[in-house]
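Enquirer: Below you will find the structure I want to go over with you.
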Amino acid sequence: MIRIILLIFILILPLFSKEPPFKFERMNTDYKGIVYNGVNTICYGNYGIMTYSFDRGEKWKQLNIGDKNNILKIKNIDKDFYGITDNSLIKSTDNGLNWEIKEIIEIKNINQYNQIIDFSFANDSLLILTNYGVYLSDLSLKSTKSVIVLDDNSFYNSIENDNKFIYIACNTNVLISYYKFSKIIDSIELYKNTKNNFY
């Protein structure tokens, strides 16, 4: 009889419970990097967690932009922050307090394993490197288009540009360069004295 009453009590209890007076948040993350825009220092990492400080590390606060958003990299132009997750672009124009998240639909639909790897600024745009290509997005994150299709049998790890050429590091020992989003100009194998060392 006591078991039945206890079971009924356990089943009815959630009906009368209130929302907890606190918010559940992750307490830690695997940090991937740190960025500073002259006002705010942000440490970022997995599960959308950012730890930030406006007073050069005296006090720290935590912000979460969503557990599914593993933040890979954040850079800044002046006071604005731009970053990437596995499948999204992120942007903050208020020193990192609020973030706009833009999923890149074109990238997601090509292949479920296609992920964003790196990004670089190019004039008033972002160059976004994925497993299968390079995309160009304006700084407002309103439009994104494919500009280079890459070989899907290679491993790409970084992208950089000098506003004339686009450089992509590939397979730990190859540097590919493109001129103004056109054809490949050069592909150089970079070997030191040991095998598979990129420099």
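Naming scheme: A, B, ... for chains in displayed order of the structure tokens; residues 1 onward per chain; ligands 1 onward as shown.
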Using the chain letters and numbers from this document, which residues of stretch 53-169 of chain A does DSSP assign to helix (DSSP H, G or I), as a list in words?
Expert: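 DSSP on the backbone gives helix (DSSP H, G or I) at Ile105, Glu106, Ile107, Lys108, Asn109 and Ile110 of chain A.
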Enquirer: Please produce a file of the residues just selected, as an mmCIF file, in the first residue's frame, where the atoms kept are C-alpha atoms.
Expert:
```cif
data_model
loop_
_atom_site.group_PDB
_atom_site.id
_atom_site.type_symbol
_atom_site.label_atom_id
_atom_site.label_comp_id
_atom_site.auth_asym_id
_atom_site.auth_seq_id
_atom_site.Cartn_x
_atom_site.Cartn_y
_atom_site.Cartn_z
ATOM 1 C CA ILE A 105 22.117 26.096 -46.020
ATOM 2 C CA GLU A 106 24.002 25.587 -49.289
ATOM 3 C CA ILE A 107 26.888 23.985 -47.413
ATOM 4 C CA LYS A 108 24.627 21.751 -45.311
ATOM 5 C CA ASN A 109 22.709 20.417 -48.326
ATOM 6 C CA ILE A 110 25.734 19.363 -50.381
#
```
Enquirer: Could you give me, as number ranges by chain, the residues within 8 Å of stretch 33-44 of chain A, counting only C-alpha atoms and dropping anything in the same chain fewer than 3 positions from it?
Expert: A: 48-57, 71-81, 95-96
Enquirer: Choose the residue, out of A:Ile84, A:Val149, A:Leu63, A:Ile12, that has the smallest atom-to-atom separation from A:Lys32; count only C-alpha atoms.
Expert: A:Ile84
Enquirer: Can you work out which one of A:Asn69, A:Phe119, A:Leu7, A:Ile159 has the shortest atom-to-atom distance to A:Trp99, counting only C-alpha atoms?
Expert: A:Asn69
Enquirer: Contacts of A:Phe165 at 6 Å or less, counting only C-alpha atoms, minus same-chain residues fewer than 3 places along, as a list of chain:residue names?
Expert: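 What passes the distance filter is A:Asn161, A:Asp162, A:Tyr178, A:Tyr179.
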Enquirer: Counting only C-alpha atoms, what is within 6 Å of stretch 88-91 of chain A, bar same-chain residues fewer than 3 positions away, as a list of chain:residue names?
Expert: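 My list of contacting residues is A:Phe81, A:Tyr82, A:Gly83, A:Ile84, A:Thr85, A:Trp99, A:Glu100, A:Ile101, A:Lys102, A:Glu103, A:Ile104.
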Enquirer: For atom CA of A:Asp30 and atom CA of A:Gly45, quote the distance in Å rounded to one decimal.
Expert: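 Answer for the atom CA of A:Asp30 to atom CA of A:Gly45 separation: 5.5 Å.
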Enquirer: How far is it from atom CA of A:Asp151 to atom CA of A:Asn131, in Å with one decimal?
Expert: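 These two atoms are separated by 8.5 Å.
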Enquirer: Residues at most 7 Å from A:Ser120, counting only C-alpha atoms, excluding those fewer than 4 positions away in the same chain, as an NGL selection string?
Expert: :A and (126-128 or 159-160)
Enquirer: Please produce an output containing N, CA and C atoms for each residue in the selection, written as a CSV table (one decimal), in the first residue's frame.
Expert:
```
chain,number,residue,atom,x,y,z
A,126,LEU,N,33.7,37.6,-46.3
A,126,LEU,CA,34.3,36.4,-45.7
A,126,LEU,C,34.5,35.3,-46.7
A,127,LEU,N,35.7,34.7,-46.7
A,127,LEU,CA,35.9,33.5,-47.4
A,127,LEU,C,35.8,32.3,-46.4
A,128,ILE,N,34.9,31.4,-46.8
A,128,ILE,CA,34.7,30.3,-45.9
A,128,ILE,C,35.1,29.0,-46.5
A,159,ILE,N,42.6,28.5,-44.7
A,159,ILE,CA,42.5,29.4,-45.8
A,159,ILE,C,43.0,30.8,-45.4
A,160,GLU,N,43.7,31.4,-46.4
A,160,GLU,CA,44.1,32.8,-46.2
A,160,GLU,C,44.1,33.5,-47.5
```
